[in-house]
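Engineer: One structure follows; several queries about it will come next.
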2 protein chains.
Amino acid sequence: MTLSPYWLRDNCPCTDCRDLRTGQKLFQITDLPGDLTVRTSAEADGVLAVEWSDGHASRYPLDFLAGDQDGPGDDGRTEQGRPLWAAADFAAGLPAADWADYLADPAEILRAVRKFGFALLRDVPVVEQQVLTVARTFGYVRETNYGELFDVRVEADPNNLAFTNVAIAPHTDNPYRDPVPTLQLLHCLRNEAEGGDSGLVDGFRAAALLRTESPADFAVLTGTPVPFVFRDRGTELRADRPLIEVDALGRIREVRFNNRSIGTLRVSDPDAFYAAYRRFAEITLRPELQLEFRLGPGDCLIFDNTRLLHARTAFEQDGARHLQGCYADLDSLASTLAVLERRAAALDSIAELFAGEGAGEYLGEAVTMAEHMLQSGALAEAAGAPDHLVAAALLHDIGHFGGSGLELMAGQDNRHSHTGADWLARWFGPEVTEPIRLHVAAKRYLCAVEPSYLALLSEASVFTLQVQGGPMTDQEAAAFAALPGAADAVTVRRWDDEAKVADAATPGFDHFRPLLARLLG
Amino acid sequence: MTLSPYWLRDNCPCTDCRDLRTGQKLFQITDLPGDLTVRTSAEADGVLAVEWSDGHASRYPLDFLAGDQDGPGDDGRTEQGRPLWAAADFAAGLPAADWADYLADPAEILRAVRKFGFALLRDVPVVEQQVLTVARTFGYVRETNYGELFDVRVEADPNNLAFTNVAIAPHTDNPYRDPVPTLQLLHCLRNEAEGGDSGLVDGFRAAALLRTESPADFAVLTGTPVPFVFRDRGTELRADRPLIEVDALGRIREVRFNNRSIGTLRVSDPDAFYAAYRRFAEITLRPELQLEFRLGPGDCLIFDNTRLLHARTAFEQDGARHLQGCYADLDSLASTLAVLERRAAALDSIAELFAGEGAGEYLGEAVTMAEHMLQSGALAEAAGAPDHLVAAALLHDIGHFGGSGLELMAGQDNRHSHTGADWLARWFGPEVTEPIRLHVAAKRYLCAVEPSYLALLSEASVFTLQVQGGPMTDQEAAAFAALPGAADAVTVRRWDDEAKVADAATPGFDHFRPLLARLLG
């Protein structure tokens, strides 16, 4: 494979180059010499080792290097990899969940919003302001001139058509804002009116149809910044953005479509623009694209305001209809989903370690590594320890394992307590990781301060004590005792030492999974 | 001039087509017939009158039609029309104001942020959370994973380099968010550290230099979505956006530049990307672009995070340095500024009407229109009336004037009370506009309910009473009395009737300007 030297160096995964926890780089691209070259490179054990002309050394997993070099980046915000839908695609039902189920596991609904651009929550408490609570389950409320929360009902002196009872054609909200709010939530408190149904249209689908049916019109719309304007007594907003925005690779990324707020466009060929604009508007009205449904009390619709157009049928003047809405942003929703998925994957990875490598011999003890850790966890649980100590006891030796990226972090040393703590710190807080980090030191500490302790250790543990540095000096012991987590580490250590009973009956890893999930949450 | 029929019709300013207050259109582009043509058109008195093939009639001020057809739209967010700066441009000082002066008139500072991308407030109270108060003077705080507010100081367990004491090269914040926060505020509470100075670089200038010096590199950077990533325990953000974003017309619109958070880029030609990236990074480090200054306690820097890069020098580990920051958005800042400018312009327009047309004859009375209205206002003031009634008395006949767009709204009718109230409603609330709207009706009402009232009226007013519909019937009078603002309208009416004294000494318009400004605020 041909590798670009600067690309390779910029992706060096070593801890001098990169903060493992945040993925942030610790150097500037301009810190690299202008004449950087590879001095030597060698592949072994699935790793490419590189020595650089400036003396730096890097180690790359070959799996990483084999990643698709040509695949364009995808942050899940363009048309790429997302099904563009028509109404019939939801003939079997909308992506929906009950509020209680959503709270127990939000991932499926958040995934639907990413995938289809919307999802529906049902049985959301019919309480004013609840829509803000819904938004805060995955992100942050975006306040606008309409407030943190807006009431959608007939108002005496409306500053927006939304607050009347007339029909509203498919549109996106706040096109005159930049940044536009990327998510909208609408929570139905009452809907007793004749009419007042809701509609959604996949704006990406409509834009893709225009591209297929009339590429020239698509080019006009993606190439013309349109002034969107809104003003009232306290507001005067304007954003010049195209009706259809494509990214640098030509992928549809954003649709802004709101007849009402298009201001006066000054272009050299208005006929071409208006022809394209009308054609696109007609596509958005095609019956097969209109997904129509009725929001009832307790329904809360979450939708992507950069992709979907939403609409409302007219309703009778006196019919009681009251929605509360708010805006939020897709980036935080995606982050929340990614963290949920990462946590689920983390538990899966840990479970695999217990099932796979964990079945291996444990440094000459009479138990496997998995048995040892499960016994530790069970001892902690039996002692009535708080969740974080049960977890620390359960996971304390995970740094011995080689899988799931651990090998890379382990590097050349055998400081398994640190390796494990660092790996776990991606998901767990210091209340879990610091006792693990210190559990080897705790052995050296106890040897120093408790004369009787050494006798409790297994033969193998006595052996490794020497490799690990032997009993602490008085000064070392005092310094250790002052560390945060030291007392917890000593507690974990005692379970560790006891957890070496051959053939003891212990619960399996799945027993501990809910406890670990709580600590991740 | 050649006019596109759909463009022309889409811009019809009549009240059937457009909500005057919000500028929102009241029809859909698809509501227009597919074969729309102009049936007849005629120019007269600076207006083009058009009769359409579907029977609609439109009237366009020729001034509006003569507007630049070819000028691309500009929402003030691209490089267009904004000075791209180097450090020497601020040799005479930064755009700055004291907090108290800013609060009295924020326009100049907000304009500086729009123009240069930043401004500095001084003597801002050195109080925790004050930065949120600053943001709320012009917009809304954007909450992120760093909180609503973030503390920039050395932290024990930092999740971001910002919270350490190391130097940070010029960068933009939160590039892994989409939408990225478009504004950042940094409020200095303490800065006693050696080092810890602040730097700003005009990223648009740097991008424009790259475009000049190496167009191919500029094309690579604008054409390559780059994955920006950030993760910590509760966050996993990713946005794929170019380092330099241009709009559909090729204008630089946004710079995202943050070495630390660029993830693994998968492109077919990484060498080309890295060469362009390094060249751009080197430009951002050129000494002549670095605007350096030191924030002291009470300083609050406001800057455009889509245009400026910000930097920090290293500082001593133990030096006390504490900033509080938050994010906000440019759209609301621009809106706040536009409203301030509109209000100032409104007062200027009204002042001009009093000075110009106001000097004209007032329907056969012994006073000019301006004298009449100033007398009304003075009578209200002398009576100790609240501000809104003084304003209503002062402005009640403004609908008689033809200037400042009033002629368009006047149309063919002579309902000057409505015309004036509608025009004023752009800036004033109903407490001012409704008494004005009803002041003609109030005359007809008083004629109906107060037998002695008619005798108080001037000859001209008796004459116009007939044109206006004569005294109200009992039914009309009862309906009128029930209207909001009716009582205030009657009060204003009495001052109106009295305010016809030739050569009375009255204060000039400027006397009332502060009162009007308060009502606009």
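Following the order of the structure tokens, first chain is A, next is B, and so on, with residues numbered from 1 inside each chain and ligands from 1 in the order they appear.
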Just want the 10 Å neighbourhood of range 151-164 of chain A, counted on only C-alpha atoms, with same-chain residues fewer than 4 positions away dropped. Output as JSON, numbers by chain.

Structural biologist: {"A": [128, 129, 146, 147, 168, 186, 187, 188, 190, 191, 230, 231, 232, 233, 260, 311, 312, 314, 315, 317, 318, 319, 320, 321, 322, 323, 324, 325, 326], "B": [19, 21, 22, 24, 25, 26]}

Engineer: Selected residues, N, CA and C atoms, written as a tab-separated table (two decimals), in the first residue's frame, please.

Structural biologist:
chain	number	residue	atom	x	y	z
A	128	GLU	N	-47.43	20.79	30.18
A	128	GLU	CA	-46.75	21.93	29.55
A	128	GLU	C	-45.25	21.83	29.82
A	129	GLN	N	-44.45	22.27	28.88
A	129	GLN	CA	-42.98	22.30	28.98
A	129	GLN	C	-42.34	20.92	28.80
A	146	TYR	N	-38.57	32.94	18.88
A	146	TYR	CA	-39.87	32.41	19.29
A	146	TYR	C	-39.83	31.91	20.74
A	147	GLY	N	-38.70	32.06	21.39
A	147	GLY	CA	-38.57	31.63	22.78
A	147	GLY	C	-37.83	30.30	22.88
A	168	ILE	N	-50.74	24.95	6.12
A	168	ILE	CA	-49.36	25.35	5.85
A	168	ILE	C	-48.72	24.27	5.00
A	186	LEU	N	-42.20	18.64	18.23
A	186	LEU	CA	-43.57	19.13	18.39
A	186	LEU	C	-44.31	18.15	19.28
A	187	HIS	N	-44.78	18.66	20.40
A	187	HIS	CA	-45.46	17.83	21.39
A	187	HIS	C	-46.92	18.24	21.45
A	188	CYS	N	-47.80	17.27	21.21
A	188	CYS	CA	-49.23	17.56	21.15
A	188	CYS	C	-49.86	17.48	22.55
A	190	ARG	N	-53.18	18.96	22.92
A	190	ARG	CA	-54.61	18.84	22.60
A	190	ARG	C	-54.76	18.85	21.09
A	191	ASN	N	-55.66	18.06	20.58
A	191	ASN	CA	-55.99	18.17	19.17
A	191	ASN	C	-57.41	17.67	18.95
A	230	PHE	N	-37.07	37.41	7.85
A	230	PHE	CA	-38.17	37.49	8.81
A	230	PHE	C	-37.97	38.72	9.67
A	231	ARG	N	-39.05	39.43	9.89
A	231	ARG	CA	-38.93	40.54	10.85
A	231	ARG	C	-40.22	40.68	11.62
A	232	ASP	N	-40.06	41.05	12.86
A	232	ASP	CA	-41.19	41.58	13.62
A	232	ASP	C	-40.62	42.68	14.50
A	233	ARG	N	-41.33	43.08	15.51
A	233	ARG	CA	-40.88	44.27	16.24
A	233	ARG	C	-39.48	44.11	16.82
A	260	ARG	N	-42.84	31.22	2.30
A	260	ARG	CA	-43.31	32.43	2.99
A	260	ARG	C	-42.19	33.41	3.25
A	311	ALA	N	-45.69	19.95	7.32
A	311	ALA	CA	-46.89	20.63	6.82
A	311	ALA	C	-48.02	20.45	7.81
A	312	ARG	N	-49.06	21.22	7.62
A	312	ARG	CA	-50.24	21.09	8.48
A	312	ARG	C	-51.48	21.39	7.65
A	314	ALA	N	-55.40	22.70	7.26
A	314	ALA	CA	-56.19	23.73	7.94
A	314	ALA	C	-57.08	23.08	8.99
A	315	PHE	N	-57.49	23.85	9.97
A	315	PHE	CA	-58.44	23.30	10.93
A	315	PHE	C	-59.45	24.36	11.31
A	317	GLN	N	-61.73	27.03	13.09
A	317	GLN	CA	-61.32	28.16	13.91
A	317	GLN	C	-61.44	27.86	15.40
A	318	ASP	N	-62.53	27.20	15.76
A	318	ASP	CA	-62.79	27.06	17.19
A	318	ASP	C	-62.29	25.75	17.78
A	319	GLY	N	-61.72	24.89	16.93
A	319	GLY	CA	-61.27	23.61	17.45
A	319	GLY	C	-60.05	23.78	18.33
A	320	ALA	N	-60.05	23.12	19.47
A	320	ALA	CA	-58.92	23.26	20.37
A	320	ALA	C	-57.75	22.44	19.83
A	321	ARG	N	-56.67	23.07	19.52
A	321	ARG	CA	-55.47	22.40	19.06
A	321	ARG	C	-54.30	23.12	19.69
A	322	HIS	N	-53.49	22.38	20.38
A	322	HIS	CA	-52.38	23.02	21.09
A	322	HIS	C	-51.16	22.10	21.06
A	323	LEU	N	-50.14	22.54	20.37
A	323	LEU	CA	-48.85	21.85	20.39
A	323	LEU	C	-47.86	22.77	21.09
A	324	GLN	N	-46.85	22.16	21.69
A	324	GLN	CA	-45.71	22.95	22.13
A	324	GLN	C	-44.49	22.43	21.38
A	325	GLY	N	-43.70	23.37	20.91
A	325	GLY	CA	-42.53	22.99	20.13
A	325	GLY	C	-41.26	23.60	20.68
A	326	CYS	N	-40.16	23.02	20.27
A	326	CYS	CA	-38.87	23.64	20.55
A	326	CYS	C	-37.89	23.17	19.49
B	19	ASP	N	-47.62	39.72	4.40
B	19	ASP	CA	-47.85	40.25	5.73
B	19	ASP	C	-46.88	41.41	5.95
B	21	ARG	N	-46.11	43.20	8.42
B	21	ARG	CA	-45.31	43.30	9.62
B	21	ARG	C	-44.09	42.39	9.56
B	22	THR	N	-44.29	41.16	9.07
B	22	THR	CA	-43.19	40.19	9.11
B	22	THR	C	-42.51	40.05	7.77
B	24	GLN	N	-43.55	38.18	5.56
B	24	GLN	CA	-43.81	36.82	5.11
B	24	GLN	C	-44.84	36.82	3.98
B	25	LYS	N	-44.60	35.94	3.00
B	25	LYS	CA	-45.56	35.81	1.89
B	25	LYS	C	-46.78	35.02	2.32
B	26	LEU	N	-47.91	35.40	1.76
B	26	LEU	CA	-49.16	34.77	2.16
B	26	LEU	C	-49.66	33.79	1.11

Engineer: Which one of B:Ala504, B:Val38, B:Pro215, B:Asp74 sits closest to Arg266 in chain A if you count only C-alpha atoms?

Structural biologist: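 The answer is B:Asp74, which sits nearest to Arg266 in chain A.
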
Engineer: Going by DSSP on the backbone, which bits of range 258-433 of chain A are alpha helix (DSSP H)? Write them as a VMD selection string, please.

Structural biologist: chain A and resid 270 to 284 330 to 355 369 to 382 387 to 395 406 to 410 416 to 424 430 to 433

Engineer: For range 485-502 of chain B, please output as a compact mmCIF listing (two decimals) with all heavy atoms, in the first residue's frame all residues within 9 Å (counting only C-alpha atoms; exclusion window: fewer than 3 positions along the same chain).

Structural biologist:
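Done, and the output landed in around09.txt:
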# COMPACT_ATOMS: atom_id res chain seq x y z
N GLU B 365 -56.47 73.96 8.13
CA GLU B 365 -56.37 74.48 9.49
C GLU B 365 -55.35 75.62 9.52
O GLU B 365 -54.60 75.83 8.56
CB GLU B 365 -55.91 73.37 10.45
CG GLU B 365 -56.80 72.12 10.46
CD GLU B 365 -58.11 72.34 11.24
OE1 GLU B 365 -58.33 73.46 11.74
OE2 GLU B 365 -58.91 71.39 11.32
N ALA B 366 -55.29 76.31 10.65
CA ALA B 366 -54.39 77.47 10.79
C ALA B 366 -52.97 77.06 11.14
O ALA B 366 -52.11 77.91 11.35
CB ALA B 366 -54.93 78.41 11.87
N VAL B 367 -52.73 75.79 11.27
CA VAL B 367 -51.40 75.29 11.63
C VAL B 367 -50.90 74.32 10.57
O VAL B 367 -51.70 73.78 9.79
CB VAL B 367 -51.44 74.54 13.00
CG1 VAL B 367 -51.66 75.54 14.14
CG2 VAL B 367 -52.52 73.47 12.99
N THR B 368 -49.59 74.10 10.54
CA THR B 368 -49.06 73.06 9.65
C THR B 368 -49.34 71.70 10.30
O THR B 368 -49.67 71.60 11.49
CB THR B 368 -47.54 73.19 9.46
OG1 THR B 368 -46.90 72.93 10.72
CG2 THR B 368 -47.16 74.59 8.97
N GLU B 371 -46.93 71.27 13.19
CA GLU B 371 -47.35 72.06 14.36
C GLU B 371 -48.52 71.39 15.08
O GLU B 371 -48.55 71.30 16.31
CB GLU B 371 -47.75 73.47 13.93
CG GLU B 371 -46.54 74.35 13.58
CD GLU B 371 -46.95 75.66 12.89
OE1 GLU B 371 -48.11 75.76 12.41
OE2 GLU B 371 -46.10 76.55 12.82
N HIS B 372 -49.45 70.91 14.30
CA HIS B 372 -50.62 70.25 14.88
C HIS B 372 -50.20 69.03 15.71
O HIS B 372 -50.65 68.85 16.85
CB HIS B 372 -51.58 69.84 13.76
CG HIS B 372 -52.68 68.91 14.19
ND1 HIS B 372 -53.59 69.25 15.15
CD2 HIS B 372 -52.97 67.64 13.80
CE1 HIS B 372 -54.43 68.23 15.34
NE2 HIS B 372 -54.06 67.23 14.53
N MET B 373 -49.35 68.22 15.17
CA MET B 373 -48.97 66.99 15.89
C MET B 373 -48.08 67.31 17.10
O MET B 373 -48.22 66.71 18.15
CB MET B 373 -48.29 66.01 14.94
CG MET B 373 -49.28 65.53 13.85
SD MET B 373 -48.91 63.87 13.26
CE MET B 373 -47.40 64.21 12.38
N LEU B 374 -47.18 68.29 16.92
CA LEU B 374 -46.34 68.67 18.06
C LEU B 374 -47.20 69.26 19.18
O LEU B 374 -46.97 69.00 20.37
CB LEU B 374 -45.27 69.67 17.62
CG LEU B 374 -44.17 69.09 16.72
CD1 LEU B 374 -43.36 70.20 16.07
CD2 LEU B 374 -43.25 68.15 17.52
N GLN B 375 -48.20 70.04 18.79
CA GLN B 375 -49.13 70.58 19.81
C GLN B 375 -49.87 69.44 20.53
O GLN B 375 -50.03 69.45 21.75
CB GLN B 375 -50.15 71.53 19.18
CG GLN B 375 -49.59 72.92 18.88
CD GLN B 375 -50.67 73.87 18.34
OE1 GLN B 375 -51.85 73.77 18.73
NE2 GLN B 375 -50.26 74.78 17.46
N SER B 376 -50.32 68.47 19.76
CA SER B 376 -51.02 67.31 20.37
C SER B 376 -50.11 66.62 21.38
O SER B 376 -50.51 66.31 22.50
CB SER B 376 -51.41 66.28 19.32
OG SER B 376 -52.34 66.80 18.43
N GLY B 377 -48.88 66.36 20.94
CA GLY B 377 -47.93 65.70 21.82
C GLY B 377 -47.67 66.52 23.07
O GLY B 377 -47.62 65.99 24.18
N ALA B 378 -47.52 67.82 22.88
CA ALA B 378 -47.24 68.69 24.03
C ALA B 378 -48.43 68.72 24.99
O ALA B 378 -48.26 68.74 26.21
CB ALA B 378 -46.90 70.09 23.54
N LEU B 379 -49.64 68.73 24.44
CA LEU B 379 -50.83 68.70 25.30
C LEU B 379 -50.86 67.41 26.12
O LEU B 379 -51.18 67.42 27.31
CB LEU B 379 -52.10 68.81 24.44
CG LEU B 379 -52.39 70.21 23.88
CD1 LEU B 379 -53.45 70.14 22.78
CD2 LEU B 379 -52.84 71.16 25.00
N ALA B 380 -50.55 66.31 25.47
CA ALA B 380 -50.54 65.03 26.17
C ALA B 380 -49.49 65.04 27.29
O ALA B 380 -49.74 64.61 28.42
CB ALA B 380 -50.24 63.89 25.19
N LEU B 389 -49.19 57.33 25.24
CA LEU B 389 -50.23 58.26 24.78
C LEU B 389 -49.63 59.55 24.26
O LEU B 389 -50.16 60.16 23.32
CB LEU B 389 -51.23 58.54 25.90
CG LEU B 389 -52.21 57.40 26.18
CD1 LEU B 389 -53.31 57.88 27.13
CD2 LEU B 389 -52.83 56.88 24.89
N VAL B 390 -48.51 59.97 24.85
CA VAL B 390 -47.81 61.13 24.28
C VAL B 390 -47.39 60.80 22.85
O VAL B 390 -47.58 61.59 21.92
CB VAL B 390 -46.58 61.50 25.14
CG1 VAL B 390 -45.80 62.65 24.49
CG2 VAL B 390 -47.01 61.87 26.57
N ALA B 392 -48.70 58.53 20.85
CA ALA B 392 -49.89 58.41 19.99
C ALA B 392 -50.39 59.80 19.60
O ALA B 392 -50.74 60.04 18.43
CB ALA B 392 -50.99 57.62 20.70
N ALA B 393 -50.42 60.72 20.56
CA ALA B 393 -50.86 62.09 20.25
C ALA B 393 -49.92 62.74 19.25
O ALA B 393 -50.34 63.38 18.28
CB ALA B 393 -50.93 62.90 21.54
N HIS B 396 -50.30 60.88 15.64
CA HIS B 396 -51.61 60.36 15.23
C HIS B 396 -51.94 60.62 13.77
O HIS B 396 -52.68 59.86 13.15
CB HIS B 396 -52.72 60.92 16.16
CG HIS B 396 -53.03 62.35 15.93
ND1 HIS B 396 -52.30 63.38 16.50
CD2 HIS B 396 -53.98 62.96 15.16
CE1 HIS B 396 -52.79 64.54 16.13
NE2 HIS B 396 -53.82 64.31 15.31
N PRO B 430 -49.03 47.96 20.07
CA PRO B 430 -50.44 48.36 19.92
C PRO B 430 -50.86 49.47 20.89
O PRO B 430 -51.81 50.20 20.60
CB PRO B 430 -51.21 47.06 20.20
CG PRO B 430 -50.24 46.15 20.88
CD PRO B 430 -48.87 46.55 20.43
N GLU B 431 -50.15 49.62 21.99
CA GLU B 431 -50.51 50.69 22.92
C GLU B 431 -50.30 52.06 22.28
O GLU B 431 -50.94 53.03 22.67
CB GLU B 431 -49.72 50.55 24.24
CG GLU B 431 -48.25 50.90 24.18
CD GLU B 431 -47.36 49.83 23.54
OE1 GLU B 431 -47.91 48.82 23.04
OE2 GLU B 431 -46.13 50.01 23.54
N VAL B 432 -49.42 52.11 21.29
CA VAL B 432 -49.23 53.35 20.53
C VAL B 432 -50.10 53.36 19.27
O VAL B 432 -50.76 54.35 18.96
CB VAL B 432 -47.74 53.53 20.13
CG1 VAL B 432 -47.57 54.74 19.20
CG2 VAL B 432 -46.87 53.67 21.37
N THR B 433 -50.12 52.24 18.57
CA THR B 433 -50.75 52.25 17.24
C THR B 433 -52.28 52.20 17.29
O THR B 433 -52.94 52.77 16.42
CB THR B 433 -50.25 51.07 16.38
OG1 THR B 433 -50.57 49.84 17.06
CG2 THR B 433 -48.75 51.15 16.16
N GLU B 434 -52.85 51.54 18.31
CA GLU B 434 -54.31 51.36 18.26
C GLU B 434 -55.06 52.66 18.53
O GLU B 434 -56.06 52.94 17.85
CB GLU B 434 -54.74 50.21 19.18
CG GLU B 434 -54.21 48.86 18.70
CD GLU B 434 -54.28 48.69 17.18
OE1 GLU B 434 -55.40 48.53 16.64
OE2 GLU B 434 -53.21 48.76 16.50
N PRO B 435 -54.62 53.50 19.47
CA PRO B 435 -55.28 54.81 19.60
C PRO B 435 -55.19 55.62 18.31
O PRO B 435 -56.12 56.36 17.96
CB PRO B 435 -54.51 55.48 20.74
CG PRO B 435 -53.93 54.36 21.53
CD PRO B 435 -53.63 53.27 20.53
N ILE B 436 -54.07 55.46 17.59
CA ILE B 436 -53.92 56.17 16.31
C ILE B 436 -54.90 55.59 15.29
O ILE B 436 -55.61 56.32 14.59
CB ILE B 436 -52.47 56.08 15.81
CG1 ILE B 436 -51.55 56.86 16.76
CG2 ILE B 436 -52.36 56.56 14.37
CD1 ILE B 436 -50.08 56.74 16.46
N ARG B 437 -54.98 54.27 15.26
CA ARG B 437 -55.89 53.62 14.31
C ARG B 437 -57.33 54.07 14.54
O ARG B 437 -58.10 54.22 13.58
CB ARG B 437 -55.79 52.10 14.49
CG ARG B 437 -56.57 51.29 13.46
CD ARG B 437 -56.47 49.78 13.72
NE ARG B 437 -55.10 49.32 13.84
CZ ARG B 437 -54.28 49.12 12.81
NH1 ARG B 437 -54.71 49.33 11.58
NH2 ARG B 437 -53.05 48.71 13.02
N LEU B 438 -57.67 54.32 15.79
CA LEU B 438 -59.06 54.61 16.14
C LEU B 438 -59.35 56.10 16.30
O LEU B 438 -60.46 56.47 16.68
CB LEU B 438 -59.42 53.87 17.45
CG LEU B 438 -59.33 52.33 17.41
CD1 LEU B 438 -59.64 51.75 18.78
CD2 LEU B 438 -60.29 51.78 16.36
N HIS B 439 -58.38 56.96 16.01
CA HIS B 439 -58.64 58.36 16.37
C HIS B 439 -59.65 59.04 15.45
O HIS B 439 -60.31 59.98 15.86
CB HIS B 439 -57.33 59.18 16.47
CG HIS B 439 -56.81 59.71 15.17
ND1 HIS B 439 -56.03 58.96 14.31
CD2 HIS B 439 -56.94 60.94 14.58
CE1 HIS B 439 -55.71 59.70 13.26
NE2 HIS B 439 -56.25 60.90 13.39
N VAL B 440 -59.81 58.54 14.24
CA VAL B 440 -60.87 59.07 13.38
C VAL B 440 -62.23 58.52 13.84
O VAL B 440 -63.21 59.26 13.98
CB VAL B 440 -60.61 58.73 11.90
CG1 VAL B 440 -61.83 59.06 11.04
CG2 VAL B 440 -59.38 59.47 11.40
N ALA B 441 -62.25 57.24 14.14
CA ALA B 441 -63.47 56.63 14.66
C ALA B 441 -63.89 57.32 15.96
O ALA B 441 -65.09 57.48 16.24
CB ALA B 441 -63.28 55.14 14.87
N ALA B 442 -62.88 57.73 16.75
CA ALA B 442 -63.19 58.37 18.03
C ALA B 442 -63.98 59.67 17.83
O ALA B 442 -64.84 60.01 18.63
CB ALA B 442 -61.88 58.64 18.81
N LYS B 443 -63.67 60.39 16.73
CA LYS B 443 -64.44 61.61 16.44
C LYS B 443 -65.90 61.24 16.15
O LYS B 443 -66.82 61.85 16.70
CB LYS B 443 -63.81 62.33 15.24
CG LYS B 443 -64.57 63.58 14.82
CD LYS B 443 -63.77 64.44 13.85
CE LYS B 443 -63.75 63.83 12.45
NZ LYS B 443 -63.18 64.79 11.47
N TYR B 445 -67.41 58.66 17.10
CA TYR B 445 -67.98 58.14 18.34
C TYR B 445 -68.42 59.28 19.26
O TYR B 445 -69.54 59.31 19.77
CB TYR B 445 -66.92 57.27 19.03
CG TYR B 445 -67.26 56.87 20.45
CD1 TYR B 445 -68.16 55.84 20.71
CD2 TYR B 445 -66.65 57.51 21.54
CE1 TYR B 445 -68.46 55.47 22.02
CE2 TYR B 445 -66.94 57.14 22.84
CZ TYR B 445 -67.85 56.12 23.08
OH TYR B 445 -68.14 55.75 24.36
N LEU B 446 -67.50 60.26 19.43
CA LEU B 446 -67.82 61.37 20.33
C LEU B 446 -69.01 62.18 19.82
O LEU B 446 -69.84 62.65 20.60
CB LEU B 446 -66.59 62.26 20.51
CG LEU B 446 -65.51 61.67 21.43
CD1 LEU B 446 -64.21 62.46 21.32
CD2 LEU B 446 -66.00 61.63 22.87
N LEU B 456 -67.17 71.65 19.33
CA LEU B 456 -65.76 71.88 19.59
C LEU B 456 -64.90 71.73 18.34
O LEU B 456 -63.74 72.13 18.32
CB LEU B 456 -65.25 70.88 20.65
CG LEU B 456 -65.95 70.90 22.01
CD1 LEU B 456 -65.43 69.76 22.87
CD2 LEU B 456 -65.72 72.24 22.68
N LEU B 457 -65.45 71.09 17.32
CA LEU B 457 -64.64 70.74 16.17
C LEU B 457 -64.38 71.96 15.28
O LEU B 457 -65.20 72.86 15.18
CB LEU B 457 -65.34 69.66 15.33
CG LEU B 457 -65.44 68.28 15.99
CD1 LEU B 457 -66.13 67.30 15.04
CD2 LEU B 457 -64.07 67.77 16.39
N SER B 458 -63.26 71.95 14.63
CA SER B 458 -62.94 73.01 13.66
C SER B 458 -63.81 72.82 12.42
O SER B 458 -64.37 71.73 12.19
CB SER B 458 -61.46 72.93 13.29
OG SER B 458 -61.22 71.72 12.57
N SER B 461 -62.66 70.00 10.32
CA SER B 461 -62.91 68.70 10.91
C SER B 461 -64.38 68.31 10.75
O SER B 461 -64.70 67.14 10.56
CB SER B 461 -62.51 68.73 12.40
OG SER B 461 -62.39 67.42 12.90
N PHE B 480 -67.64 50.29 19.07
CA PHE B 480 -66.38 51.03 19.17
C PHE B 480 -65.86 51.01 20.61
O PHE B 480 -64.69 50.74 20.87
CB PHE B 480 -66.57 52.47 18.70
CG PHE B 480 -65.37 53.34 18.97
CD1 PHE B 480 -64.29 53.37 18.08
CD2 PHE B 480 -65.29 54.13 20.12
CE1 PHE B 480 -63.18 54.16 18.35
CE2 PHE B 480 -64.18 54.92 20.38
CZ PHE B 480 -63.12 54.94 19.50
N ALA B 481 -66.78 51.31 21.55
CA ALA B 481 -66.37 51.43 22.95
C ALA B 481 -65.78 50.13 23.47
O ALA B 481 -65.00 50.13 24.43
CB ALA B 481 -67.56 51.87 23.80
N ALA B 482 -66.15 49.02 22.83
CA ALA B 482 -65.66 47.72 23.29
C ALA B 482 -64.26 47.40 22.75
O ALA B 482 -63.65 46.42 23.17
CB ALA B 482 -66.65 46.63 22.88

Engineer: Out of A:Ser417, A:Thr172, A:Gln466, A:Ser53, which residue has the shortest atom-to-atom distance to Gly199 in chain A when counting only C-alpha atoms?

Structural biologist: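 For Gly199 in chain A, the nearest of the given residues is A:Thr172.
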
Engineer: Between A:Pro179, A:Arg307, A:Tyr140, A:Thr264, single out the one closest to Asn11 in chain B, counting only C-alpha atoms.

Structural biologist: A:Thr264
